[in-house]
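Undergrad: I'd like to ask you about the structure that follows.
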Amino acid sequence: MLNIVIFGAPGSGKGTQSDKIIDKYDLFHISTGDVLRDNIKRGTELGATAKSYIDQGQLIPDELMISILADVLDANKEAAVNGVIFDGFPRTIAQAEALEAMLQERGTAVSAVVGLEVPEEELIERIILRGKQTGRSDDNMETVKNRLNVYHNQTSPLKEFYQKRGLYKAIKGTGKIEEIFGDIAAAIDAL
Ligand code: AMP
């Protein structure tokens, strides 16, 4: 199984590059942000809880997020036979440790972490543009600042966590989408 974590700040291109990785490697896509937004759209209880955090640019509590991820993995065992691309998870050290344990229980492991590295000014520009194009409610200037703070404080320590395990592959996340994808594919093919 090829299990890839796509990692990076909000606006670093995780969704865009995930779509291309899925096409080439036939992986199952788990975007925790998409799972939460789908629950909001369907008006579920989880959606109502998630919305209050998302609108403030804060993270959903680890325990809840980890149990959601376990449910998604268990519900999609067949679709995920070749492996999974984890997009937006883990976002904290506790989530990364839980992912390690969850995959181990299922007889597999993280194969690599693809880290999309993009300067902060470009992240902000991209997110504001996406907000205008898609109407995504948390893509506004105020929430973006919170999301970037949360990223720096809670998520960026994962880079070192995965570097220590020899799994982190740094990818320059600026320039043409196809070129960025070329670098990602080269890193995956070298595994
Ligand atoms: P994303 O689409 O990955 O940018 O996620 C949008 C929002 O969903 C984030 O700002 C968080 O509020 C929430 N979220 C998504 N994934 C997670 C996660 N792994 N842990 C906690 N909150 C999450």
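To be explicit about the labels: the chains of the structure tokens are called A, B, and onward in the order shown, and within each one the residues are counted from 1, while ligands get numbers from 1 in the order they are shown.
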At a cut-off of 6 Å around ligand 1, and using only C-alpha atoms and all ligand atoms, what residues come up? Please write them as number ranges by chain.

TA: A: 10, 32-34, 53-54, 57-60, 65, 88-91, 147

Undergrad: Compile the contact shell of range 62-64 of chain A as JSON, numbers by chain: residues with an atom at most 8 Å away, counting only C-alpha atoms, same-chain residues fewer than 4 positions apart removed.

TA: {"A": [68, 92, 94, 95]}

Undergrad: Any chance you could tabulate, as JSON lines, the residues of range 13-120 of chain A at most 9 Å from range 172-184 of chain A with each one's nearest atom pair and distance in Å to one decimal, using only C-alpha atoms, in chain and rising number order?

TA:
{"residue": "A:Gly13", "atom": "CA", "partner": "A:Gly173", "partner_atom": "CA", "distance": 7.2}
{"residue": "A:Thr16", "atom": "CA", "partner": "A:Ile177", "partner_atom": "CA", "distance": 8.2}
{"residue": "A:Gln17", "atom": "CA", "partner": "A:Phe181", "partner_atom": "CA", "distance": 6.5}
{"residue": "A:Lys20", "atom": "CA", "partner": "A:Phe181", "partner_atom": "CA", "distance": 7.3}
{"residue": "A:Ile21", "atom": "CA", "partner": "A:Phe181", "partner_atom": "CA", "distance": 7.9}
{"residue": "A:Val114", "atom": "CA", "partner": "A:Ile184", "partner_atom": "CA", "distance": 7.1}
{"residue": "A:Gly115", "atom": "CA", "partner": "A:Lys172", "partner_atom": "CA", "distance": 8.3}
{"residue": "A:Leu116", "atom": "CA", "partner": "A:Gly173", "partner_atom": "CA", "distance": 4.8}
{"residue": "A:Glu117", "atom": "CA", "partner": "A:Gly173", "partner_atom": "CA", "distance": 4.9}
{"residue": "A:Val118", "atom": "CA", "partner": "A:Gly173", "partner_atom": "CA", "distance": 5.2}
{"residue": "A:Pro119", "atom": "CA", "partner": "A:Thr174", "partner_atom": "CA", "distance": 8.4}

Undergrad: Point out the residue among A:Ala50, A:Ala9, A:Ile124, A:Ala70 with the least atom-to-atom distance to Glu100 in chain A, counting only C-alpha atoms.

TA: A:Ala70

Undergrad: How would you write, as a list in words, the set of residues in range 42-134 of chain A that DSSP gives as strand (DSSP E)?

TA: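 The strand (DSSP E) subset of range 42-134 of chain A is Val84, Ile85, Phe86, Asp87, Ala112, Val113, Val114, Gly115, Leu116 and Glu117 of chain A.
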
Undergrad: Which of these residues is nearest to Ser18 in chain A, using only C-alpha atoms: A:Glu142, A:Phe86, A:Lys77, A:Ala190?

TA: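 Selected residue with least distance to Ser18 in chain A: A:Phe86.
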
Undergrad: At what distance in Å, to one decimal, does CA of Arg126 in chain A lie from CA of Lys14 in chain A?

TA: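 CA of Lys14 in chain A sits 12.3 Å away from CA of Arg126 in chain A.
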
Undergrad: Give me, as a list in words, all polymer residues having an atom no more than 10 Å from Ala187 in chain A, counting only C-alpha atoms and skipping those fewer than 6 positions away in the same chain.

TA: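 Counting only C-alpha atoms, the residues come to Ala112, Val113, Val114, Lys169, Ala170, Ile171 and Phe181 of chain A.
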
Undergrad: Report the distance between CA of Tyr151 in chain A and CA of Gly15 in chain A in Å, rounded to one decimal place.

TA: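 Computing the Euclidean distance for CA of Tyr151 in chain A and CA of Gly15 in chain A yields 16.4 Å.
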
Undergrad: Which residue is closest to Ser156 in chain A? Choose from A:Val144, A:Leu27, A:Leu123, A:Ile93 and count only C-alpha atoms.

TA: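 Distance minimum relative to Ser156 in chain A lands on A:Ile93.
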
Undergrad: Using only C-alpha atoms, find the one residue out of A:Arg165, A:Asp74, A:Ala79, A:Arg130 that sits nearest to Glu105 in chain A.

TA: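 Looking at the shortest contact to Glu105 in chain A, the residue is A:Asp74.
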
Undergrad: Write down as a tab-separated table (two decimals) with N, CA, C and O atoms, in the first residue's frame the residues of range 34-190 of chain A whose backbone DSSP state falls under helix (DSSP H, G or I).

TA:
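For reference, states_6.tsv as written:
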chain	number	residue	atom	x	y	z
A	34	ASP	N	-12.95	18.30	3.45
A	34	ASP	CA	-14.11	17.96	2.60
A	34	ASP	C	-15.14	17.16	3.40
A	34	ASP	O	-16.35	17.37	3.24
A	35	VAL	N	-14.67	16.24	4.25
A	35	VAL	CA	-15.60	15.43	5.06
A	35	VAL	C	-16.42	16.37	5.96
A	35	VAL	O	-17.65	16.25	6.06
A	36	LEU	N	-15.74	17.35	6.57
A	36	LEU	CA	-16.45	18.27	7.47
A	36	LEU	C	-17.41	19.17	6.70
A	36	LEU	O	-18.56	19.36	7.10
A	37	ARG	N	-16.94	19.71	5.54
A	37	ARG	CA	-17.81	20.59	4.74
A	37	ARG	C	-19.04	19.83	4.24
A	37	ARG	O	-20.14	20.38	4.19
A	38	ASP	N	-18.86	18.54	3.91
A	38	ASP	CA	-19.99	17.73	3.46
A	38	ASP	C	-21.01	17.57	4.60
A	38	ASP	O	-22.22	17.63	4.38
A	39	ASN	N	-20.51	17.39	5.83
A	39	ASN	CA	-21.42	17.27	6.98
A	39	ASN	C	-22.16	18.58	7.23
A	39	ASN	O	-23.33	18.56	7.60
A	40	ILE	N	-21.48	19.70	7.02
A	40	ILE	CA	-22.14	21.00	7.20
A	40	ILE	C	-23.27	21.12	6.17
A	40	ILE	O	-24.39	21.50	6.49
A	41	LYS	N	-22.95	20.75	4.92
A	41	LYS	CA	-23.94	20.86	3.83
A	41	LYS	C	-25.17	19.98	4.11
A	41	LYS	O	-26.30	20.38	3.85
A	42	ARG	N	-24.91	18.78	4.66
A	42	ARG	CA	-26.03	17.86	4.93
A	42	ARG	C	-26.72	18.15	6.25
A	42	ARG	O	-27.68	17.49	6.61
A	45	GLU	N	-25.23	16.60	12.85
A	45	GLU	CA	-24.79	17.10	14.15
A	45	GLU	C	-23.29	17.42	14.12
A	45	GLU	O	-22.84	18.46	14.61
A	46	LEU	N	-22.53	16.51	13.49
A	46	LEU	CA	-21.09	16.74	13.34
A	46	LEU	C	-20.84	18.05	12.58
A	46	LEU	O	-19.98	18.84	12.95
A	47	GLY	N	-21.64	18.28	11.53
A	47	GLY	CA	-21.49	19.50	10.74
A	47	GLY	C	-21.69	20.74	11.60
A	47	GLY	O	-20.93	21.72	11.49
A	48	ALA	N	-22.68	20.71	12.48
A	48	ALA	CA	-22.96	21.88	13.33
A	48	ALA	C	-21.78	22.13	14.28
A	48	ALA	O	-21.36	23.28	14.47
A	49	THR	N	-21.23	21.05	14.84
A	49	THR	CA	-20.07	21.20	15.72
A	49	THR	C	-18.88	21.76	14.94
A	49	THR	O	-18.21	22.70	15.36
A	50	ALA	N	-18.64	21.15	13.76
A	50	ALA	CA	-17.47	21.52	12.96
A	50	ALA	C	-17.53	22.99	12.53
A	50	ALA	O	-16.52	23.70	12.53
A	51	LYS	N	-18.74	23.45	12.17
A	51	LYS	CA	-18.88	24.79	11.61
A	51	LYS	C	-18.35	25.86	12.57
A	51	LYS	O	-17.69	26.81	12.15
A	52	SER	N	-18.62	25.69	13.86
A	52	SER	CA	-18.19	26.73	14.80
A	52	SER	C	-16.67	26.84	14.84
A	52	SER	O	-16.12	27.93	14.98
A	53	TYR	N	-15.98	25.72	14.70
A	53	TYR	CA	-14.51	25.77	14.68
A	53	TYR	C	-14.00	26.31	13.34
A	53	TYR	O	-13.12	27.17	13.30
A	54	ILE	N	-14.56	25.78	12.25
A	54	ILE	CA	-14.07	26.16	10.91
A	54	ILE	C	-14.22	27.67	10.69
A	54	ILE	O	-13.31	28.32	10.19
A	55	ASP	N	-15.37	28.22	11.07
A	55	ASP	CA	-15.62	29.64	10.85
A	55	ASP	C	-14.64	30.52	11.61
A	55	ASP	O	-14.40	31.67	11.24
A	56	GLN	N	-14.09	29.99	12.70
A	56	GLN	CA	-13.09	30.77	13.46
A	56	GLN	C	-11.67	30.44	13.05
A	56	GLN	O	-10.72	30.97	13.63
A	62	ASP	N	-8.89	17.09	18.67
A	62	ASP	CA	-8.20	15.89	18.19
A	62	ASP	C	-9.04	14.62	18.32
A	62	ASP	O	-9.13	13.83	17.38
A	63	GLU	N	-9.63	14.44	19.51
A	63	GLU	CA	-10.34	13.18	19.76
A	63	GLU	C	-11.45	12.96	18.72
A	63	GLU	O	-11.61	11.86	18.17
A	64	LEU	N	-12.20	14.02	18.45
A	64	LEU	CA	-13.29	13.94	17.48
A	64	LEU	C	-12.74	13.66	16.08
A	64	LEU	O	-13.22	12.79	15.35
A	65	MET	N	-11.71	14.43	15.73
A	65	MET	CA	-11.14	14.31	14.38
A	65	MET	C	-10.57	12.91	14.14
A	65	MET	O	-10.71	12.34	13.05
A	66	ILE	N	-9.92	12.35	15.17
A	66	ILE	CA	-9.30	11.03	15.04
A	66	ILE	C	-10.39	9.96	14.87
A	66	ILE	O	-10.26	9.06	14.05
A	67	SER	N	-11.51	10.11	15.60
A	67	SER	CA	-12.55	9.10	15.45
A	67	SER	C	-13.23	9.22	14.08
A	67	SER	O	-13.60	8.21	13.47
A	68	ILE	N	-13.33	10.44	13.56
A	68	ILE	CA	-13.90	10.61	12.20
A	68	ILE	C	-12.99	9.90	11.19
A	68	ILE	O	-13.45	9.18	10.31
A	69	LEU	N	-11.69	10.11	11.34
A	69	LEU	CA	-10.75	9.52	10.38
A	69	LEU	C	-10.82	7.98	10.42
A	69	LEU	O	-10.83	7.33	9.38
A	70	ALA	N	-10.89	7.42	11.63
A	70	ALA	CA	-10.97	5.96	11.76
A	70	ALA	C	-12.24	5.46	11.06
A	70	ALA	O	-12.20	4.44	10.34
A	71	ASP	N	-13.36	6.18	11.23
A	71	ASP	CA	-14.61	5.76	10.58
A	71	ASP	C	-14.48	5.80	9.06
A	71	ASP	O	-14.93	4.88	8.36
A	72	VAL	N	-13.86	6.86	8.54
A	72	VAL	CA	-13.72	6.97	7.08
A	72	VAL	C	-12.83	5.84	6.56
A	72	VAL	O	-13.14	5.22	5.53
A	73	LEU	N	-11.76	5.53	7.28
A	73	LEU	CA	-10.86	4.44	6.84
A	73	LEU	C	-11.62	3.11	6.82
A	73	LEU	O	-11.53	2.36	5.84
A	74	ASP	N	-12.37	2.84	7.88
A	74	ASP	CA	-13.07	1.56	7.97
A	74	ASP	C	-14.19	1.44	6.94
A	74	ASP	O	-14.46	0.36	6.44
A	75	ALA	N	-14.81	2.56	6.61
A	75	ALA	CA	-15.93	2.52	5.65
A	75	ALA	C	-15.44	2.39	4.21
A	75	ALA	O	-16.24	2.15	3.30
A	93	ILE	N	0.46	16.89	16.46
A	93	ILE	CA	1.29	15.73	16.80
A	93	ILE	C	0.39	14.59	17.30
A	93	ILE	O	0.61	13.42	16.93
A	94	ALA	N	-0.63	14.91	18.10
A	94	ALA	CA	-1.52	13.86	18.60
A	94	ALA	C	-2.19	13.12	17.45
A	94	ALA	O	-2.33	11.89	17.47
A	95	GLN	N	-2.59	13.86	16.41
A	95	GLN	CA	-3.21	13.21	15.24
A	95	GLN	C	-2.20	12.34	14.50
A	95	GLN	O	-2.53	11.25	14.02
A	96	ALA	N	-0.96	12.82	14.42
A	96	ALA	CA	0.08	12.03	13.71
A	96	ALA	C	0.36	10.73	14.47
A	96	ALA	O	0.52	9.67	13.85
A	97	GLU	N	0.39	10.82	15.78
A	97	GLU	CA	0.63	9.60	16.58
A	97	GLU	C	-0.55	8.64	16.43
A	97	GLU	O	-0.37	7.43	16.30
A	98	ALA	N	-1.76	9.20	16.42
A	98	ALA	CA	-2.95	8.35	16.26
A	98	ALA	C	-2.95	7.69	14.87
A	98	ALA	O	-3.31	6.52	14.74
A	99	LEU	N	-2.52	8.45	13.86
A	99	LEU	CA	-2.49	7.88	12.49
A	99	LEU	C	-1.50	6.72	12.44
A	99	LEU	O	-1.79	5.68	11.85
A	100	GLU	N	-0.35	6.90	13.08
A	100	GLU	CA	0.65	5.84	13.10
A	100	GLU	C	0.05	4.56	13.69
A	100	GLU	O	0.16	3.48	13.12
A	101	ALA	N	-0.64	4.74	14.84
A	101	ALA	CA	-1.23	3.58	15.52
A	101	ALA	C	-2.34	2.95	14.68
A	101	ALA	O	-2.42	1.73	14.55
A	102	MET	N	-3.18	3.81	14.08
A	102	MET	CA	-4.31	3.32	13.28
A	102	MET	C	-3.83	2.51	12.09
A	102	MET	O	-4.38	1.46	11.77
A	103	LEU	N	-2.78	3.01	11.43
A	103	LEU	CA	-2.29	2.30	10.24
A	103	LEU	C	-1.59	1.01	10.66
A	103	LEU	O	-1.73	-0.02	10.00
A	104	GLN	N	-0.88	1.06	11.77
A	104	GLN	CA	-0.20	-0.14	12.28
A	104	GLN	C	-1.22	-1.25	12.58
A	104	GLN	O	-1.03	-2.39	12.18
A	105	GLU	N	-2.32	-0.85	13.22
A	105	GLU	CA	-3.39	-1.83	13.52
A	105	GLU	C	-3.92	-2.46	12.25
A	105	GLU	O	-4.38	-3.60	12.25
A	120	GLU	N	4.63	32.74	2.77
A	120	GLU	CA	3.39	33.22	3.41
A	120	GLU	C	2.58	34.21	2.55
A	120	GLU	O	1.37	34.11	2.44
A	121	GLU	N	3.27	35.18	1.89
A	121	GLU	CA	2.53	36.19	1.11
A	121	GLU	C	1.75	35.51	-0.01
A	121	GLU	O	0.62	35.89	-0.32
A	122	GLU	N	2.36	34.49	-0.61
A	122	GLU	CA	1.66	33.81	-1.71
A	122	GLU	C	0.48	32.99	-1.19
A	122	GLU	O	-0.56	32.90	-1.84
A	123	LEU	N	0.63	32.41	0.01
A	123	LEU	CA	-0.48	31.64	0.60
A	123	LEU	C	-1.70	32.55	0.75
A	123	LEU	O	-2.81	32.18	0.38
A	124	ILE	N	-1.45	33.75	1.31
A	124	ILE	CA	-2.57	34.67	1.57
A	124	ILE	C	-3.25	35.05	0.26
A	124	ILE	O	-4.47	34.99	0.13
A	125	GLU	N	-2.44	35.40	-0.74
A	125	GLU	CA	-3.02	35.76	-2.05
A	125	GLU	C	-3.88	34.64	-2.61
A	125	GLU	O	-4.98	34.85	-3.10
A	126	ARG	N	-3.35	33.41	-2.55
A	126	ARG	CA	-4.08	32.27	-3.12
A	126	ARG	C	-5.40	32.02	-2.40
A	126	ARG	O	-6.41	31.73	-3.01
A	127	ILE	N	-5.37	32.13	-1.05
A	127	ILE	CA	-6.59	31.82	-0.28
A	127	ILE	C	-7.67	32.87	-0.55
A	127	ILE	O	-8.84	32.53	-0.73
A	128	ILE	N	-7.26	34.14	-0.60
A	128	ILE	CA	-8.25	35.20	-0.85
A	128	ILE	C	-8.86	35.03	-2.25
A	128	ILE	O	-10.07	35.14	-2.44
A	129	LEU	N	-8.01	34.67	-3.22
A	129	LEU	CA	-8.51	34.43	-4.58
A	129	LEU	C	-9.48	33.24	-4.59
A	129	LEU	O	-10.56	33.32	-5.19
A	130	ARG	N	-9.12	32.15	-3.89
A	130	ARG	CA	-10.01	30.97	-3.85
A	130	ARG	C	-11.34	31.34	-3.21
A	130	ARG	O	-12.39	30.89	-3.66
A	131	GLY	N	-11.30	32.18	-2.15
A	131	GLY	CA	-12.54	32.61	-1.50
A	131	GLY	C	-13.45	33.32	-2.50
A	131	GLY	O	-14.66	33.08	-2.54
A	132	LYS	N	-12.85	34.19	-3.33
A	132	LYS	CA	-13.64	34.94	-4.33
A	132	LYS	C	-14.21	33.98	-5.37
A	132	LYS	O	-15.34	34.11	-5.83
A	133	GLN	N	-13.39	32.99	-5.78
A	133	GLN	CA	-13.81	32.09	-6.85
A	133	GLN	C	-14.83	31.05	-6.40
A	133	GLN	O	-15.71	30.66	-7.15
A	134	THR	N	-14.70	30.57	-5.15
A	134	THR	CA	-15.53	29.44	-4.72
A	134	THR	C	-16.56	29.81	-3.66
A	134	THR	O	-17.45	29.03	-3.37
A	141	MET	N	-10.03	37.26	4.85
A	141	MET	CA	-8.79	37.77	5.44
A	141	MET	C	-8.70	37.48	6.94
A	141	MET	O	-7.67	37.05	7.44
A	142	GLU	N	-9.81	37.69	7.65
A	142	GLU	CA	-9.77	37.52	9.11
A	142	GLU	C	-9.49	36.07	9.51
A	142	GLU	O	-8.61	35.79	10.33
A	143	THR	N	-10.24	35.14	8.90
A	143	THR	CA	-10.08	33.72	9.25
A	143	THR	C	-8.72	33.21	8.79
A	143	THR	O	-8.10	32.37	9.45
A	144	VAL	N	-8.25	33.72	7.65
A	144	VAL	CA	-6.96	33.27	7.13
A	144	VAL	C	-5.85	33.50	8.14
A	144	VAL	O	-5.01	32.63	8.35
A	145	LYS	N	-5.89	34.65	8.78
A	145	LYS	CA	-4.82	34.95	9.77
A	145	LYS	C	-4.85	33.91	10.89
A	145	LYS	O	-3.81	33.42	11.30
A	146	ASN	N	-6.05	33.58	11.38
A	146	ASN	CA	-6.15	32.55	12.43
A	146	ASN	C	-5.64	31.21	11.92
A	146	ASN	O	-4.94	30.49	12.62
A	147	ARG	N	-6.03	30.88	10.69
A	147	ARG	CA	-5.64	29.56	10.15
A	147	ARG	C	-4.12	29.47	10.00
A	147	ARG	O	-3.53	28.43	10.26
A	148	LEU	N	-3.50	30.58	9.59
A	148	LEU	CA	-2.04	30.55	9.45
A	148	LEU	C	-1.37	30.46	10.82
A	148	LEU	O	-0.39	29.75	11.00
A	149	ASN	N	-1.94	31.16	11.83
A	149	ASN	CA	-1.38	31.05	13.19
A	149	ASN	C	-1.50	29.62	13.71
A	149	ASN	O	-0.56	29.08	14.29
A	150	VAL	N	-2.68	29.04	13.51
A	150	VAL	CA	-2.90	27.65	13.94
A	150	VAL	C	-1.89	26.74	13.23
A	150	VAL	O	-1.29	25.86	13.85
A	151	TYR	N	-1.68	27.00	11.95
A	151	TYR	CA	-0.72	26.18	11.20
A	151	TYR	C	0.67	26.28	11.83
A	151	TYR	O	1.33	25.27	12.08
A	152	HIS	N	1.11	27.52	12.09
A	152	HIS	CA	2.46	27.69	12.63
A	152	HIS	C	2.60	27.06	14.02
A	152	HIS	O	3.59	26.42	14.32
A	153	ASN	N	1.56	27.23	14.85
A	153	ASN	CA	1.68	26.76	16.24
A	153	ASN	C	1.45	25.26	16.38
A	153	ASN	O	2.13	24.60	17.15
A	154	GLN	N	0.43	24.74	15.68
A	154	GLN	CA	0.02	23.36	15.96
A	154	GLN	C	0.43	22.36	14.88
A	154	GLN	O	0.64	21.20	15.17
A	155	THR	N	0.49	22.83	13.63
A	155	THR	CA	0.71	21.86	12.53
A	155	THR	C	2.17	21.81	12.07
A	155	THR	O	2.70	20.72	11.81
A	157	PRO	N	4.99	21.82	13.54
A	157	PRO	CA	5.90	20.88	14.23
A	157	PRO	C	5.90	19.46	13.63
A	157	PRO	O	6.83	18.68	13.86
A	158	LEU	N	4.88	19.16	12.83
A	158	LEU	CA	4.84	17.83	12.21
A	158	LEU	C	5.96	17.63	11.20
A	158	LEU	O	6.36	16.50	10.92
A	159	LYS	N	6.46	18.75	10.65
A	159	LYS	CA	7.56	18.62	9.68
A	159	LYS	C	8.72	17.90	10.36
A	159	LYS	O	9.27	16.93	9.82
A	160	GLU	N	9.09	18.36	11.55
A	160	GLU	CA	10.20	17.74	12.27
A	160	GLU	C	9.86	16.30	12.69
A	160	GLU	O	10.70	15.41	12.62
A	161	PHE	N	8.62	16.12	13.10
A	161	PHE	CA	8.14	14.78	13.51
A	161	PHE	C	8.41	13.78	12.37
A	161	PHE	O	8.92	12.68	12.60
A	162	TYR	N	8.07	14.19	11.14
A	162	TYR	CA	8.23	13.26	10.02
A	162	TYR	C	9.67	13.25	9.47
A	162	TYR	O	10.11	12.24	8.92
A	163	GLN	N	10.38	14.37	9.64
A	163	GLN	CA	11.80	14.38	9.24
A	163	GLN	C	12.56	13.35	10.07
A	163	GLN	O	13.38	12.60	9.54
A	164	LYS	N	12.27	13.31	11.36
A	164	LYS	CA	12.95	12.36	12.25
A	164	LYS	C	12.71	10.93	11.83
A	164	LYS	O	13.55	10.06	12.06
A	177	ILE	N	1.68	24.28	-11.85
A	177	ILE	CA	1.07	23.10	-11.20
A	177	ILE	C	1.71	21.81	-11.71
A	177	ILE	O	2.03	20.91	-10.93
A	178	GLU	N	1.93	21.73	-13.04
A	178	GLU	CA	2.48	20.50	-13.63
A	178	GLU	C	3.92	20.25	-13.17
A	178	GLU	O	4.32	19.11	-12.99
A	179	GLU	N	4.67	21.35	-13.00
A	179	GLU	CA	6.07	21.18	-12.56
A	179	GLU	C	6.12	20.72	-11.10
A	179	GLU	O	6.94	19.87	-10.73
A	180	ILE	N	5.24	21.30	-10.30
A	180	ILE	CA	5.19	20.88	-8.88
A	180	ILE	C	4.83	19.40	-8.83
A	180	ILE	O	5.46	18.61	-8.11
A	181	PHE	N	3.85	19.02	-9.65
A	181	PHE	CA	3.44	17.61	-9.65
A	181	PHE	C	4.58	16.70	-10.13
A	181	PHE	O	4.77	15.61	-9.60
A	182	GLY	N	5.36	17.19	-11.08
A	182	GLY	CA	6.52	16.41	-11.56
A	182	GLY	C	7.48	16.11	-10.42
A	182	GLY	O	7.98	14.99	-10.28
A	183	ASP	N	7.72	17.11	-9.58
A	183	ASP	CA	8.62	16.91	-8.43
A	183	ASP	C	8.02	15.91	-7.43
A	183	ASP	O	8.73	15.10	-6.85
A	184	ILE	N	6.71	16.02	-7.24
A	184	ILE	CA	6.05	15.09	-6.29
A	184	ILE	C	6.15	13.66	-6.83
A	184	ILE	O	6.51	12.72	-6.09
A	185	ALA	N	5.85	13.50	-8.12
A	185	ALA	CA	5.87	12.14	-8.71
A	185	ALA	C	7.28	11.56	-8.63
A	185	ALA	O	7.45	10.36	-8.34
A	186	ALA	N	8.29	12.40	-8.85
A	186	ALA	CA	9.67	11.92	-8.76
A	186	ALA	C	9.97	11.44	-7.34
A	186	ALA	O	10.62	10.39	-7.14
A	187	ALA	N	9.49	12.18	-6.34
A	187	ALA	CA	9.73	11.77	-4.94
A	187	ALA	C	9.00	10.47	-4.63
A	187	ALA	O	9.55	9.59	-3.96
A	188	ILE	N	7.78	10.32	-5.13
A	188	ILE	CA	7.02	9.09	-4.86
A	188	ILE	C	7.66	7.90	-5.60
A	188	ILE	O	7.82	6.82	-5.03
A	189	ASP	N	8.05	8.14	-6.84
A	189	ASP	CA	8.63	7.04	-7.63
A	189	ASP	C	9.96	6.55	-7.03
A	189	ASP	O	10.36	5.42	-7.26

Undergrad: Between CA of Ile30 in chain A and CA of Phe7 in chain A, what distance in Å does the model show, to one decimal?

TA: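 Taking CA of Ile30 in chain A and CA of Phe7 in chain A, their separation equals 12.8 Å.
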
Undergrad: Find, counting only C-alpha atoms, the residue in A:Met1, A:Thr44, A:Ser12, A:Asp87 that gets nearest to Ser31 in chain A.

TA: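 Answer, going by the shortest atom-to-atom distance: A:Asp87.
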
Undergrad: Looking at A:Gly166, A:Lys24, A:Thr108, A:Leu2, which one is nearest to Asn82 in chain A, with distances taken over only C-alpha atoms?

TA: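 Between A:Gly166, A:Lys24, A:Thr108, A:Leu2, the residue approaching Asn82 in chain A most closely is A:Leu2.
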